[in-house]
Structure formats: structure tokens, C-alpha cells
>>> print(open('upload15.txt').read())   # compact mmCIF, C-alpha atoms
# COMPACT_ATOMS: atom_id res chain seq x y z
CA MET A 1 2.92 30.85 30.58
CA LYS A 2 6.01 29.77 28.70
CA PHE A 3 7.71 26.57 29.87
CA SER A 4 11.41 26.49 30.63
CA PRO A 5 13.59 25.22 27.74
CA LEU A 6 14.25 21.86 29.44
CA LEU A 7 10.59 21.29 30.22
CA SER A 8 9.61 22.26 26.65
CA ASP A 9 12.17 19.79 25.29
CA LEU A 10 10.77 17.01 27.53
CA ILE A 11 7.18 17.73 26.41
CA LYS A 12 8.29 17.69 22.77
CA SER A 13 10.22 14.43 23.24
CA LEU A 14 7.24 12.65 24.80
CA GLN A 15 5.20 13.38 21.68
CA VAL A 16 7.16 10.78 19.70
CA LEU A 17 5.00 8.14 21.43
CA PRO A 18 1.96 6.98 19.42
CA GLY A 19 -1.26 8.69 20.47
CA VAL A 20 0.52 11.30 22.59
CA GLY A 21 -0.26 14.88 21.61
CA PRO A 22 0.87 18.16 23.26
CA LYS A 23 -1.72 18.01 26.06
CA THR A 24 -1.02 14.41 27.05
CA ALA A 25 2.74 15.05 26.81
CA LYS A 26 2.37 18.05 29.14
CA ARG A 27 0.43 15.92 31.66
CA MET A 28 3.06 13.17 31.49
CA ALA A 29 5.92 15.63 31.99
CA MET A 30 4.19 17.27 34.97
CA SER A 31 3.45 13.88 36.48
CA LEU A 32 7.07 12.73 36.09
CA LEU A 33 8.55 15.90 37.53
CA GLY A 34 5.91 16.46 40.20
CA GLY A 35 5.96 12.87 41.50
CA ASP A 36 8.61 10.75 43.19
CA GLU A 37 12.05 11.73 41.87
CA ALA A 38 13.35 8.15 42.24
CA ASP A 39 10.58 6.82 39.96
CA ALA A 40 11.38 9.37 37.28
CA LYS A 41 15.12 8.58 37.48
CA ASN A 42 14.36 4.86 37.30
CA LEU A 43 12.27 5.41 34.15
CA ALA A 44 15.04 7.54 32.57
CA ASN A 45 17.70 4.92 33.40
CA ASN A 46 15.64 2.01 32.08
CA LEU A 47 14.83 3.90 28.89
CA SER A 48 18.46 4.77 28.33
CA ARG A 49 19.64 1.19 29.00
CA ALA A 50 16.95 -0.29 26.77
CA ILE A 51 17.96 2.00 23.90
CA ASP A 52 21.65 1.11 24.36
CA LEU A 53 21.25 -2.62 24.85
CA ILE A 54 18.22 -3.77 22.86
CA GLY A 55 18.80 -4.52 19.22
CA LYS A 56 17.41 -6.98 16.70
CA CYS A 57 17.97 -10.73 16.77
CA GLN A 58 20.32 -11.51 13.89
CA ASN A 59 18.20 -14.44 12.85
CA CYS A 60 14.59 -13.27 13.16
CA ARG A 61 14.78 -9.47 13.77
CA VAL A 62 12.76 -9.71 17.02
CA LEU A 63 13.74 -6.98 19.51
CA SER A 64 16.29 -8.66 21.78
CA GLU A 65 19.23 -7.91 24.08
CA ASP A 66 21.10 -10.91 22.70
CA GLN A 67 22.47 -11.33 19.21
CA ILE A 68 20.29 -14.44 18.88
CA CYS A 69 16.97 -14.21 20.76
CA SER A 70 15.69 -16.81 23.24
CA ILE A 71 13.16 -18.20 20.72
CA CYS A 72 15.77 -18.82 18.01
CA ASN A 73 18.13 -20.27 20.66
CA ASP A 74 15.52 -22.74 21.90
CA SER A 75 16.52 -26.15 20.47
CA SER A 76 13.03 -27.59 21.11
CA ARG A 77 11.52 -25.25 18.51
CA ASP A 78 11.03 -26.25 14.90
CA ASN A 79 13.18 -23.89 12.87
CA THR A 80 11.82 -25.20 9.56
CA GLN A 81 8.48 -23.51 10.32
CA VAL A 82 8.67 -19.70 10.23
CA CYS A 83 5.84 -17.33 11.12
CA VAL A 84 6.30 -13.96 9.39
CA VAL A 85 4.83 -10.97 11.25
CA GLU A 86 4.91 -7.19 10.98
CA ASN A 87 6.36 -6.36 14.42
CA THR A 88 7.68 -7.76 17.71
CA SER A 89 4.45 -7.13 19.63
CA GLN A 90 2.72 -9.63 17.31
CA VAL A 91 5.38 -12.21 18.26
CA VAL A 92 4.49 -11.64 21.92
CA GLN A 93 0.77 -12.00 21.10
CA ILE A 94 1.27 -15.33 19.28
CA GLU A 95 3.64 -16.59 22.00
CA GLU A 96 0.92 -15.92 24.59
CA LEU A 97 -1.31 -18.37 22.72
CA GLY A 98 1.28 -21.04 23.44
CA GLY A 99 0.47 -23.34 20.51
CA PHE A 100 3.06 -22.31 17.93
CA LYS A 101 6.38 -24.17 18.18
CA GLY A 102 8.18 -22.76 15.16
CA ILE A 103 10.26 -19.59 14.96
CA TYR A 104 9.48 -16.07 13.72
CA PHE A 105 10.62 -13.46 11.24
CA VAL A 106 9.79 -9.80 11.89
CA LEU A 107 9.47 -7.66 8.76
CA GLY A 108 9.27 -4.28 10.50
CA GLY A 109 6.38 -3.02 8.33
CA TYR A 110 4.48 -3.80 5.16
CA LEU A 111 5.28 -2.82 1.59
CA SER A 112 3.88 0.68 1.16
CA PRO A 113 5.06 2.68 -1.85
CA ILE A 114 3.05 5.71 -0.65
CA GLU A 115 5.07 5.74 2.59
CA GLY A 116 8.34 4.90 0.80
CA LYS A 117 8.61 1.40 2.29
CA GLY A 118 10.02 -1.02 -0.26
CA PRO A 119 11.46 -4.55 -0.04
CA ASN A 120 14.80 -3.23 1.23
CA GLU A 121 13.28 -0.91 3.84
CA ILE A 122 11.49 -3.84 5.45
CA GLY A 123 13.11 -7.27 5.85
CA LEU A 124 11.97 -8.78 2.54
CA SER A 125 15.39 -9.28 0.94
CA GLU A 126 16.60 -11.08 4.08
CA LEU A 127 13.44 -13.21 4.19
CA ASN A 128 13.85 -14.06 0.51
CA SER A 129 17.41 -15.38 1.07
CA LYS A 130 16.26 -17.44 4.06
CA ALA A 131 13.29 -18.87 2.18
CA LEU A 132 15.41 -19.86 -0.80
CA SER A 133 18.15 -21.43 1.38
CA GLY A 134 16.14 -24.66 1.51
CA GLU A 135 16.17 -24.84 5.33
CA ILE A 136 12.58 -23.67 5.73
CA LYS A 137 9.62 -25.96 4.98
CA GLU A 138 6.74 -23.60 5.80
CA LEU A 139 6.32 -19.83 5.84
CA ILE A 140 3.19 -18.76 7.74
CA LEU A 141 2.20 -15.21 6.80
CA ALA A 142 0.41 -13.63 9.78
CA PHE A 143 -0.49 -10.26 8.24
CA ASN A 144 -3.26 -7.67 8.55
CA SER A 145 -5.91 -7.88 5.86
CA SER A 146 -5.17 -4.31 4.70
CA LEU A 147 -4.13 -3.59 1.10
CA GLU A 148 -0.49 -3.29 2.22
CA GLY A 149 -0.66 -6.55 4.21
CA GLU A 150 -2.24 -8.47 1.31
CA ALA A 151 0.17 -6.98 -1.25
CA THR A 152 3.16 -7.91 0.95
CA ALA A 153 1.86 -11.48 1.18
CA GLN A 154 1.51 -11.62 -2.61
CA TYR A 155 5.04 -10.21 -3.07
CA ILE A 156 6.46 -12.93 -0.79
CA LEU A 157 4.50 -15.58 -2.68
CA GLU A 158 5.94 -14.42 -6.01
CA LYS A 159 9.54 -14.04 -4.79
CA CYS A 160 9.91 -17.00 -2.42
CA SER A 161 7.96 -19.75 -4.19
CA SER A 162 9.79 -23.03 -4.52
CA ASP A 163 8.76 -26.69 -4.69
CA SER A 164 10.16 -27.43 -1.23
CA LEU A 165 8.44 -24.51 0.52
CA ASN A 166 4.83 -24.26 1.69
CA ILE A 167 3.56 -20.70 1.99
CA THR A 168 0.39 -20.36 4.09
CA LYS A 169 -1.52 -17.45 5.56
CA LEU A 170 -3.82 -17.12 8.55
CA ALA A 171 -7.47 -17.99 7.96
CA GLN A 172 -10.05 -15.21 7.80
CA GLY A 173 -13.68 -15.73 8.73
CA VAL A 174 -16.41 -15.81 11.35
CA PRO A 175 -14.99 -14.75 14.76
CA LEU A 176 -15.36 -17.10 17.75
CA GLY A 177 -18.73 -16.47 19.39
CA GLY A 178 -19.75 -14.37 16.35
CA ASP A 179 -23.32 -14.23 15.07
CA LEU A 180 -23.67 -14.80 11.31
CA ASN A 181 -26.45 -12.19 11.22
CA TYR A 182 -23.93 -9.53 12.13
CA VAL A 183 -20.94 -10.67 10.07
CA ASP A 184 -20.22 -8.28 7.19
CA SER A 185 -20.30 -9.61 3.63
CA ASN A 186 -16.54 -9.25 3.12
CA THR A 187 -15.73 -11.43 6.13
CA LEU A 188 -18.45 -13.92 5.17
CA ARG A 189 -16.95 -14.29 1.68
CA HIS A 190 -13.52 -15.05 3.19
CA ALA A 191 -15.16 -17.51 5.61
CA PHE A 192 -16.72 -19.36 2.67
CA ASP A 193 -13.44 -19.37 0.76
CA SER A 194 -11.57 -20.92 3.71
CA ARG A 195 -14.31 -23.33 4.85
CA GLN A 196 -13.10 -26.58 6.44
CA LYS A 197 -14.06 -30.16 5.82
CA LEU A 198 -15.81 -31.72 8.83
CA LEU A 199 -15.89 -35.32 7.68
CA MET B 200 -22.57 20.44 11.04
CA LYS B 201 -22.96 19.67 7.36
CA THR B 202 -23.17 16.03 6.35
CA ARG B 203 -21.95 14.87 2.97
CA ASN B 204 -22.40 11.46 1.37
CA SER B 205 -20.62 9.86 -1.54
CA LEU B 206 -19.51 6.63 -3.11
CA ALA B 207 -15.80 6.19 -2.51
CA PHE B 208 -12.77 3.93 -2.77
CA LEU B 209 -10.17 3.71 -0.02
CA LEU B 210 -6.75 4.65 -1.43
CA HIS B 211 -4.61 4.59 1.70
CA ALA B 212 -4.88 4.51 5.49
CA ARG B 213 -2.23 5.52 7.99
CA ASP B 214 -2.17 5.39 11.78
CA TYR B 215 -3.36 8.53 13.55
CA SER B 216 -3.36 7.21 17.09
CA GLU B 217 -3.43 3.83 18.85
CA THR B 218 -6.92 3.09 17.54
CA SER B 219 -7.73 5.68 14.85
CA VAL B 220 -6.54 6.07 11.27
CA ILE B 221 -6.51 8.83 8.70
CA ALA B 222 -7.79 7.50 5.41
CA SER B 223 -7.52 8.91 1.90
CA PHE B 224 -10.54 8.22 -0.28
CA LEU B 225 -11.24 8.74 -3.95
CA THR B 226 -14.85 9.91 -3.85
CA LYS B 227 -17.32 10.09 -6.71
CA ASP B 228 -18.58 13.55 -5.84
CA PHE B 229 -15.82 15.38 -3.97
CA GLY B 230 -12.52 14.17 -5.47
CA ILE B 231 -9.85 13.17 -2.97
CA LEU B 232 -10.93 13.20 0.67
CA ASN B 233 -8.65 12.80 3.69
CA ALA B 234 -10.70 11.93 6.76
CA LEU B 235 -10.43 10.52 10.25
CA LEU B 236 -11.82 7.06 11.03
CA LYS B 237 -12.18 7.14 14.81
CA GLY B 238 -11.55 3.81 16.53
CA ALA B 239 -11.05 1.95 13.23
CA LYS B 240 -8.42 -0.34 14.77
CA ARG B 241 -10.49 -1.12 17.87
CA LYS B 242 -11.86 -4.65 18.21
CA GLY B 243 -15.32 -4.87 16.65
CA SER B 244 -15.08 -1.44 15.01
CA LYS B 245 -17.67 -0.80 12.30
CA PHE B 246 -14.81 0.52 10.12
CA ALA B 247 -12.50 -2.50 10.49
CA ASN B 248 -13.64 -4.37 7.38
CA ILE B 249 -13.38 -1.38 5.05
CA LEU B 250 -9.59 -1.32 5.50
CA SER B 251 -9.35 -4.54 3.45
CA PRO B 252 -8.84 -4.01 -0.28
CA GLY B 253 -11.61 -4.54 -2.80
CA SER B 254 -14.71 -2.62 -1.79
CA GLU B 255 -16.68 0.29 -3.19
CA LEU B 256 -17.87 2.20 -0.15
CA TYR B 257 -20.72 4.53 0.69
CA ILE B 258 -19.36 7.09 3.13
CA SER B 259 -20.95 9.83 5.23
CA TYR B 260 -18.75 12.49 6.75
CA SER B 261 -18.96 15.80 8.50
CA ASP B 262 -16.97 18.75 7.20
CA LYS B 263 -17.30 20.87 10.33
CA ASN B 264 -13.53 20.90 10.93
CA ALA B 265 -10.57 21.12 8.59
CA LEU B 266 -9.96 17.41 9.28
CA LYS B 267 -13.14 15.65 8.17
CA THR B 268 -14.55 12.79 10.24
CA ILE B 269 -16.24 9.73 8.76
CA PHE B 270 -19.21 8.68 10.85
CA GLU B 271 -20.79 6.06 8.59
CA CYS B 272 -19.17 3.79 6.07
CA GLU B 273 -20.83 0.85 4.37
CA ILE B 274 -19.68 -1.54 1.68
CA ASN B 275 -21.72 -0.73 -1.42
CA LYS B 276 -20.14 -3.28 -3.75
CA GLN B 277 -17.65 -6.11 -3.25
CA ILE B 278 -14.77 -6.19 -5.72
CA PRO B 279 -12.79 -9.39 -5.06
CA ILE B 280 -9.43 -8.50 -6.56
CA VAL B 281 -7.23 -11.31 -7.86
CA PRO B 282 -4.17 -11.29 -5.51
CA LYS B 283 -1.62 -10.96 -8.32
CA ASN B 284 -3.31 -7.66 -9.33
CA LEU B 285 -2.89 -6.07 -5.89
CA LYS B 286 0.40 -4.50 -6.96
CA ILE B 287 -1.43 -2.73 -9.80
CA LEU B 288 -3.95 -1.40 -7.28
CA ILE B 289 -1.12 -0.17 -5.03
CA TYR B 290 0.53 1.53 -8.04
CA LEU B 291 -2.75 3.16 -9.07
CA ASN B 292 -3.38 4.47 -5.53
CA GLU B 293 0.13 5.90 -5.25
CA LEU B 294 -0.20 7.53 -8.68
CA ILE B 295 -3.51 9.23 -7.78
CA LEU B 296 -2.34 10.41 -4.34
CA LYS B 297 1.02 11.73 -5.57
CA ILE B 298 -0.65 13.57 -8.48
CA PHE B 299 -3.10 15.12 -6.01
CA GLU B 300 -0.22 16.10 -3.70
CA LYS B 301 1.57 17.81 -6.59
CA GLU B 302 -1.34 19.36 -8.50
CA HIS B 303 -3.75 19.89 -5.55
CA ASP B 304 -6.52 18.70 -7.80
CA ILE B 305 -7.29 15.63 -9.84
CA PRO B 306 -9.54 15.30 -12.88
CA VAL B 307 -12.65 13.15 -12.52
CA VAL B 308 -11.24 9.62 -12.46
CA PHE B 309 -13.78 7.77 -10.28
CA LYS B 310 -15.47 5.97 -13.19
CA ASP B 311 -12.15 4.97 -14.77
CA TYR B 312 -10.88 3.73 -11.40
CA ASP B 313 -14.08 1.73 -10.92
CA GLU B 314 -13.62 0.09 -14.35
CA LEU B 315 -9.99 -0.78 -13.57
CA MET B 316 -11.02 -2.30 -10.24
CA SER B 317 -13.55 -4.50 -12.05
CA LEU B 318 -10.86 -5.70 -14.47
CA MET B 319 -8.61 -6.55 -11.51
CA THR B 320 -11.15 -9.19 -10.44
CA LEU B 321 -10.53 -11.18 -13.63
CA ASP B 322 -7.79 -13.78 -13.87
CA ASN B 323 -6.04 -14.28 -17.24
CA LYS B 324 -7.10 -10.86 -18.55
CA ASP B 325 -3.68 -9.29 -18.06
CA GLU B 326 -3.55 -7.77 -21.54
CA ILE B 327 -6.91 -5.96 -21.23
CA LEU B 328 -5.98 -4.78 -17.74
CA GLU B 329 -2.61 -3.46 -18.90
CA LEU B 330 -4.20 -1.67 -21.88
CA SER B 331 -6.82 -0.10 -19.58
CA LEU B 332 -4.13 0.97 -17.13
CA ARG B 333 -2.18 2.68 -19.95
CA ASN B 334 -5.40 4.36 -21.19
CA PHE B 335 -6.05 5.56 -17.63
CA GLU B 336 -2.55 7.09 -17.48
CA TYR B 337 -2.98 8.72 -20.91
CA ARG B 338 -6.32 10.28 -19.95
CA LEU B 339 -4.86 11.49 -16.65
CA ILE B 340 -1.84 13.09 -18.36
CA THR B 341 -4.13 14.73 -20.94
CA ASP B 342 -6.73 15.94 -18.42
CA LEU B 343 -4.01 17.46 -16.26
CA GLY B 344 -2.98 19.58 -19.26
CA TYR B 345 0.26 17.78 -20.11
CA GLY B 346 -1.18 15.79 -23.00
CA PHE B 347 0.52 14.98 -26.30
CA ASP B 348 -0.77 13.52 -29.53
CA LEU B 349 0.19 9.92 -30.25
CA THR B 350 -1.02 10.13 -33.86
CA LYS B 351 1.08 13.15 -34.84
CA ASN B 352 4.67 14.22 -34.25
CA ASP B 353 5.75 17.54 -32.72
CA VAL B 354 5.42 19.41 -36.04
CA GLY B 355 1.95 18.05 -36.81
CA SER B 356 2.85 15.34 -39.33
CA SER B 357 1.02 12.02 -39.11
CA ILE B 358 2.88 9.17 -37.43
CA GLU B 359 4.31 6.77 -40.02
CA PRO B 360 4.44 3.07 -39.08
CA ASP B 361 8.04 2.49 -40.24
CA GLN B 362 9.54 5.80 -39.14
CA ASP B 363 11.70 5.90 -35.97
CA TYR B 364 10.58 8.28 -33.24
CA LEU B 365 11.63 9.55 -29.83
CA PHE B 366 9.61 10.98 -26.95
CA SER B 367 10.24 13.92 -24.70
CA PRO B 368 7.71 15.27 -22.15
CA LEU B 369 8.29 18.79 -23.52
CA ARG B 370 8.20 18.04 -27.26
CA GLY B 371 5.94 15.02 -27.32
CA ILE B 372 6.62 12.53 -30.15
CA TYR B 373 9.34 13.67 -32.57
CA SER B 374 10.97 12.06 -35.58
CA LEU B 375 14.46 10.64 -35.43
CA ASP B 376 16.21 11.95 -38.56
CA LYS B 377 18.92 9.37 -39.01
CA GLY B 378 19.57 5.84 -37.81
CA GLU B 379 18.22 4.17 -34.72
CA ILE B 380 19.15 4.75 -31.09
CA GLU B 381 18.37 2.72 -27.98
CA SER B 382 15.36 4.79 -26.88
CA SER B 383 13.85 5.18 -30.35
CA PHE B 384 10.78 3.21 -31.45
CA LYS B 385 8.75 2.57 -34.59
CA GLY B 386 5.57 4.59 -35.21
CA GLN B 387 3.65 1.33 -35.62
CA HIS B 388 3.60 0.85 -31.82
CA LEU B 389 1.87 4.22 -31.30
CA LEU B 390 -0.68 3.49 -34.02
CA ASP B 391 -1.35 0.02 -32.59
CA PHE B 392 -1.97 1.44 -29.10
CA MET B 393 -4.33 4.10 -30.44
CA SER B 394 -6.36 1.43 -32.26
CA GLY B 395 -6.51 -0.82 -29.18
CA LYS B 396 -4.02 -3.42 -30.47
CA PHE B 397 -1.89 -4.32 -27.49
CA SER B 398 -0.64 -7.88 -27.92
CA ASN B 399 2.90 -7.01 -29.09
CA ASN B 400 5.35 -6.93 -26.17
CA MET B 401 7.38 -4.14 -27.76
CA THR B 402 4.21 -2.01 -28.07
CA LYS B 403 3.56 -2.56 -24.34
CA LYS B 404 7.15 -1.61 -23.50
CA VAL B 405 7.15 1.53 -25.68
CA ILE B 406 3.82 2.87 -24.40
CA LYS B 407 4.70 2.12 -20.77
CA SER B 408 8.02 3.90 -21.17
CA ILE B 409 6.43 7.02 -22.78
CA PHE B 410 3.79 7.40 -20.05
CA ARG B 411 6.32 6.64 -17.34
CA GLU B 412 8.57 9.44 -18.59
CA SER B 413 5.64 11.82 -18.86
CA LEU B 414 4.31 11.05 -15.35
CA GLU B 415 7.80 11.36 -13.87
CA ALA B 416 8.12 14.80 -15.47
CA ILE B 417 4.78 15.85 -13.94
CA LEU B 418 5.61 14.45 -10.50
CA GLY B 419 9.30 15.35 -10.56
CA LYS B 420 10.19 11.86 -9.37
CA GLU B 421 9.70 8.17 -10.05
CA LEU B 422 6.79 6.44 -8.33
CA ASN B 423 7.92 4.02 -5.62
CA ALA B 424 5.51 1.29 -6.80
CA ARG B 425 7.28 1.30 -10.17
CA LYS B 426 10.61 0.76 -8.45
CA TYR B 427 9.28 -1.99 -6.17
CA PHE B 428 6.95 -3.82 -8.55
CA ASN B 429 8.14 -2.65 -12.00
CA GLN B 430 4.59 -1.56 -12.91
>>> encode(input="upload15.txt", output="C-alpha cells")
Amino acid sequence: MKFSPLLSDLIKSLQVLPGVGPKTAKRMAMSLLGGDEADAKNLANNLSRAIDLIGKCQNCRVLSEDQICSICNDSSRDNTQVCVVENTSQVVQIEELGGFKGIYFVLGGYLSPIEGKGPNEIGLSELNSKALSGEIKELILAFNSSLEGEATAQYILEKCSSDSLNITKLAQGVPLGGDLNYVDSNTLRHAFDSRQKLL
Amino acid sequence: MKTRNSLAFLLHARDYSETSVIASFLTKDFGILNALLKGAKRKGSKFANILSPGSELYISYSDKNALKTIFECEINKQIPIVPKNLKILIYLNELILKIFEKEHDIPVVFKDYDELMSLMTLDNKDEILELSLRNFEYRLITDLGYGFDLTKNDVGSSIEPDQDYLFSPLRGIYSLDKGEIESSFKGQHLLDFMSGKFSNNMTKKVIKSIFRESLEAILGKELNARKYFNQ
């Protein structure tokens, strides 16, 4: 059976979501249209409002309804310590830990020549200007350990190095509760490289 | 279901779904392989550590469907790459994948890639690494059928050290009759490269520029890594 044009458009639109293929999109569309009409309208309204009103914080590029996000606006936070992450969901994840009192900078991706993502496509030029302004004392690079993540970290190190700036990256090693017998050699090597002094 | 095994290097991985990725491998036995790594981004996945750079892998995959699926992947050899050389690795991976995209085939480069990876683990060996990278490009251009002779000009005369030359992807090396123009270069640089002498900065610049022009002609565009990292 052929779907009506509107229904086909809806199914196609839902497939922009990660992990949603034609079958899942069809199920979602049927569920939205076959369920409570008020719920579906509420979802449509919230989606439309979010698209219209949510932008990027002018300071850190976190998704925010305000020009300056609540983290950058918080005077109790240390704005000389900046944690650089790939996306806003990683900011949320680190915030849930509760221990970090600095601010963030969201790149919006890693350097990936194969995918056409260069320094200007992600926020590297902006980060570079901030880092060289002299207002930042530490850049913490919280990146994936993929080739693109590591290469982006190296790029930042080469472009943003200055005497007054510390550039650090997250430690890699044995996971909490992990058994050394089951840790792969790559992780074990990193654990050795970033071993800590006990006494 | 037929199972195939090979040594391989990971060239690139992109998201396929919330937890799975599609990875492109350079394999020893089957050339370029695009395959699905199911659940690679899930916590505790057996594939998680192979997404980090610097490993020679031993992969097993099934070729039942058009999209192959990796079901086993082990690290065969650790290759701890010096961080400053990661941009060379990214350039190399883009070059191989874009050539494959354009030509739908790639000459056997696994051994050369392996040698380059080993050189990337050495600090303060920039000159040897750069020379090996240029040799890799030259072999690739030649094996793809777009080769040109660096010891002879377009009419078959031997390259003279003090003569000025120009390069064109269609003509190869040709003599500049009169004077000197911005893109011309002395024959000495070509002869030095062919004999493995690569300490002169002008020689490096000339050879890089020739291969860059040739690869751009093959690909029809400039490689992004060159723009971003000036490789």
C-alpha cells in the first residue's frame, strides 16, 4: 500500500534522526498519528519552538536559548579554565559529575579531512583566538581517543601553545572496577604512560 | 556464510547508528574493505579499542551481504604513533580512500603503508618520513598508470642538474627553453630525490609540489588534509 503524500513526508522526515531507518520511522509516524492528538501537537509545537529559539551560546557554543548560556553567566565559575568538548551532550555529561567548576567550549565535531571538516567548519579558529587572548590559563581537551580526536588535540596543541597556557587532556587507562587480566594492551600502555605518583 | 580473515589497518570510521560504525580498512589480502562494526560505541565493546589510531589489526568478517560485517577484530601489533605525525596519518588515509573512490581499485600498498606507520613512531626522523611519504606517492601515481619519469624529460633526454624544468601532469617533466619562471625548478632537485638525497628544503618543496599537482589531476580536486595541515 502506498502512503499518502503527507504521511510519506513525515516518515521521510523522521529518518533524519540517528539510528532511525524507514521501518522505525514508519512505526513512529503511526504511533504519533494513531495516539493522542494532543500529545502529537505538543511534540510538534515543542520541536518548532526549540528550532526557532535554541541557538549557540556566543561564548562557548553550547546549545542555549540565551545569547550567553547559564554556565558562562555563572560568576562562581572559573572562566580561566576551559574544557573543550565535541558536542553539547558531553557538556551535560560532565556537568552531571558535578566536580568541574570551569567553563566549556564546544567544537561541534573533530577535524576530519575525509568528511570535509576543517578548522573553520568546527570551532577551531574561534578557540584559537580565545586561547591566545591571554584570559585562559588551562585548556582541558576532553576528546575521544579516535584518530580524529587525537589529531584535533594535536592541532590545538600546535596552534594554541603559549607560555601562559596549560593544555591538558583527559587521562586514559584502567577503568574503575576493571580487571587487569582483561584490559587490552593499547589501554594498558596508556595506563602506564599516565601512571600517578602515590607517595 | 563465508568467513574471510586478513591483517588490516583502520583508515576511517563513521557513525552508522547510535552504537554501530562503518569502518574502512586497508587489508593485506583484499584491498579496501568497508564493513560494519556492530555495537562498537557501546560500553565495553570488544571493538572499542581498535578505533584508536596506531594498531595493525587481525580482522575476521563475513561477506554474506553487500555490507560486510566484522565479527572478530584483534590487535596484532601496536604502533605507537608520535602525536605530531598524526596529521601525516590522516593525510595518508584520506589519500588512499579518495583514490579508491575515484579509481575503484588501489594497487597493493599494504606493505608501504605498514613501513610508513613504523616511521611515524620515531621522533626526530622527519626527513626520512617525508622522503618515504613522497616515495609512497610516487609509487602510487606510477602503479595507477599515471607515472612519469623523473630522470628524463618529456622527449626522453636525461635530466641535467643545471637546466630549468617545469612539470605538467600530462607532459611530465619538460625543459624550460628560456629564462626562469616562478614554477620552474633545477634538474638537480629531481636527481637528488631519485638518489635518496632529501636534505635540501628546495628539493622537498619541488618534489612535494610535483606529486601534489599529479595527485590533484588524478583526483580532480585538492585533498582536504593538504588544505588543513599543509601536508
>>> closest_atom_pairs(input="upload15.txt", of="region 208-278 of chain B", to="region 125-147 of chain A", cutoff="8 Å", atoms="only C-alpha atoms", output="Markdown table")
| residue | atom | partner | partner_atom | distance |
| --- | --- | --- | --- | --- |
| B:Leu250 | CA | A:Ser146 | CA | 5.4 |
| B:Ser251 | CA | A:Ser146 | CA | 4.4 |
| B:Pro252 | CA | A:Leu147 | CA | 4.9 |
>>> closest_atom_pairs(input="upload15.txt", of="chain A", to="chain B", cutoff="12 Å", atoms="only C-alpha atoms", output="Markdown table")
| residue | atom | partner | partner_atom | distance |
| --- | --- | --- | --- | --- |
| A:Gln15 | CA | B:Ser216 | CA | 11.5 |
| A:Val16 | CA | B:Ser216 | CA | 11.4 |
| A:Leu17 | CA | B:Ser216 | CA | 9.5 |
| A:Pro18 | CA | B:Ser216 | CA | 5.8 |
| A:Gly19 | CA | B:Ser216 | CA | 4.2 |
| A:Val20 | CA | B:Ser216 | CA | 7.9 |
| A:Gly21 | CA | B:Ser216 | CA | 9.4 |
| A:Tyr110 | CA | B:Arg213 | CA | 11.8 |
| A:Leu111 | CA | B:Tyr427 | CA | 8.8 |
| A:Ser112 | CA | B:Ile289 | CA | 8.0 |
| A:Pro113 | CA | B:Asn423 | CA | 4.9 |
| A:Ile114 | CA | B:Glu293 | CA | 5.5 |
| A:Glu115 | CA | B:Asn423 | CA | 8.9 |
| A:Gly116 | CA | B:Asn423 | CA | 6.5 |
| A:Lys117 | CA | B:Asn423 | CA | 8.4 |
| A:Gly118 | CA | B:Tyr427 | CA | 6.0 |
| A:Pro119 | CA | B:Tyr427 | CA | 7.0 |
| A:Asn120 | CA | B:Tyr427 | CA | 9.3 |
| A:Glu121 | CA | B:Tyr427 | CA | 10.8 |
| A:Ile122 | CA | B:Tyr427 | CA | 12.0 |
| A:Leu124 | CA | B:Tyr427 | CA | 11.4 |
| A:Ser125 | CA | B:Tyr427 | CA | 11.9 |
| A:Phe143 | CA | B:Ser251 | CA | 11.6 |
| A:Asn144 | CA | B:Ser251 | CA | 8.5 |
| A:Ser145 | CA | B:Ser251 | CA | 5.4 |
| A:Ser146 | CA | B:Ser251 | CA | 4.4 |
| A:Leu147 | CA | B:Pro252 | CA | 4.9 |
| A:Glu148 | CA | B:Ile289 | CA | 7.9 |
| A:Gly149 | CA | B:Ser251 | CA | 9.0 |
| A:Glu150 | CA | B:Leu285 | CA | 7.6 |
| A:Ala151 | CA | B:Leu285 | CA | 5.6 |
| A:Thr152 | CA | B:Lys286 | CA | 9.0 |
| A:Ala153 | CA | B:Pro282 | CA | 9.0 |
| A:Gln154 | CA | B:Pro282 | CA | 6.4 |
| A:Tyr155 | CA | B:Lys286 | CA | 8.3 |
| A:Ile156 | CA | B:Lys283 | CA | 11.2 |
| A:Leu157 | CA | B:Lys283 | CA | 9.5 |
| A:Glu158 | CA | B:Lys283 | CA | 8.6 |
| A:Lys159 | CA | B:Phe428 | CA | 11.2 |
| A:Gln172 | CA | B:Asn248 | CA | 11.4 |
| A:Gly173 | CA | B:Asn248 | CA | 11.4 |
| A:Pro175 | CA | B:Gly243 | CA | 10.1 |
| A:Gly178 | CA | B:Gly243 | CA | 10.5 |
| A:Tyr182 | CA | B:Lys245 | CA | 10.7 |
| A:Val183 | CA | B:Asn248 | CA | 10.0 |
| A:Asp184 | CA | B:Asn248 | CA | 7.7 |
| A:Ser185 | CA | B:Gln277 | CA | 8.2 |
| A:Asn186 | CA | B:Asn248 | CA | 7.1 |
| A:Thr187 | CA | B:Asn248 | CA | 7.5 |
| A:Leu188 | CA | B:Asn248 | CA | 10.9 |
| A:Arg189 | CA | B:Pro279 | CA | 9.3 |
| A:His190 | CA | B:Pro279 | CA | 10.0 |
| A:Asp193 | CA | B:Pro279 | CA | 11.6 |
>>> atom_distance(input="upload15.txt", atom1="CA of Asp363 (chain B)", atom2="CA of Asp325 (chain B)")
28.1 Å
>>> atom_distance(input="upload15.txt", atom1="CA of Glu336 (chain B)", atom2="CA of Lys267 (chain B)")
29.0 Å
>>> atom_distance(input="upload15.txt", atom1="CA of Asn323 (chain B)", atom2="CA of Asp391 (chain B)")
21.5 Å
>>> residues_near_point(input="upload15.txt", point="(11.7, 9.4, -33.1)", cutoff="7 Å", atoms="only C-alpha atoms", output="list in words")
Asp363, Tyr364, Leu365, Phe366, Ile372, Tyr373, Ser374, Leu375, Ser383 and Phe384 of chain B
>>> residues_around(input="upload15.txt", residues="region 92-95 of chain A", least_positions_apart="4", cutoff="10 Å", atoms="all atoms listed in the file", output="VMD selection string")
chain A and resid 62 71 83 85 87 to 88 99 to 101 104 142
>>> write_last_selection(input="upload15.txt", atoms="C-alpha atoms", output="compact mmCIF listing (two decimals), in the frame of the given file")
# COMPACT_ATOMS: atom_id res chain seq x y z
CA VAL A 62 12.76 -9.71 17.02
CA ILE A 71 13.16 -18.20 20.72
CA CYS A 83 5.84 -17.33 11.12
CA VAL A 85 4.83 -10.97 11.25
CA ASN A 87 6.36 -6.36 14.42
CA THR A 88 7.68 -7.76 17.71
CA GLY A 99 0.47 -23.34 20.51
CA PHE A 100 3.06 -22.31 17.93
CA LYS A 101 6.38 -24.17 18.18
CA TYR A 104 9.48 -16.07 13.72
CA ALA A 142 0.41 -13.63 9.78
>>> residues_around(input="upload15.txt", residues="Thr341 (chain B)", least_positions_apart="3", cutoff="12 Å", atoms="all atoms listed in the file", output="JSON, numbers by chain")
{"B": [305, 306, 334, 335, 336, 337, 338, 344, 345, 346, 347, 348, 349, 368, 371, 410, 413, 414, 417]}
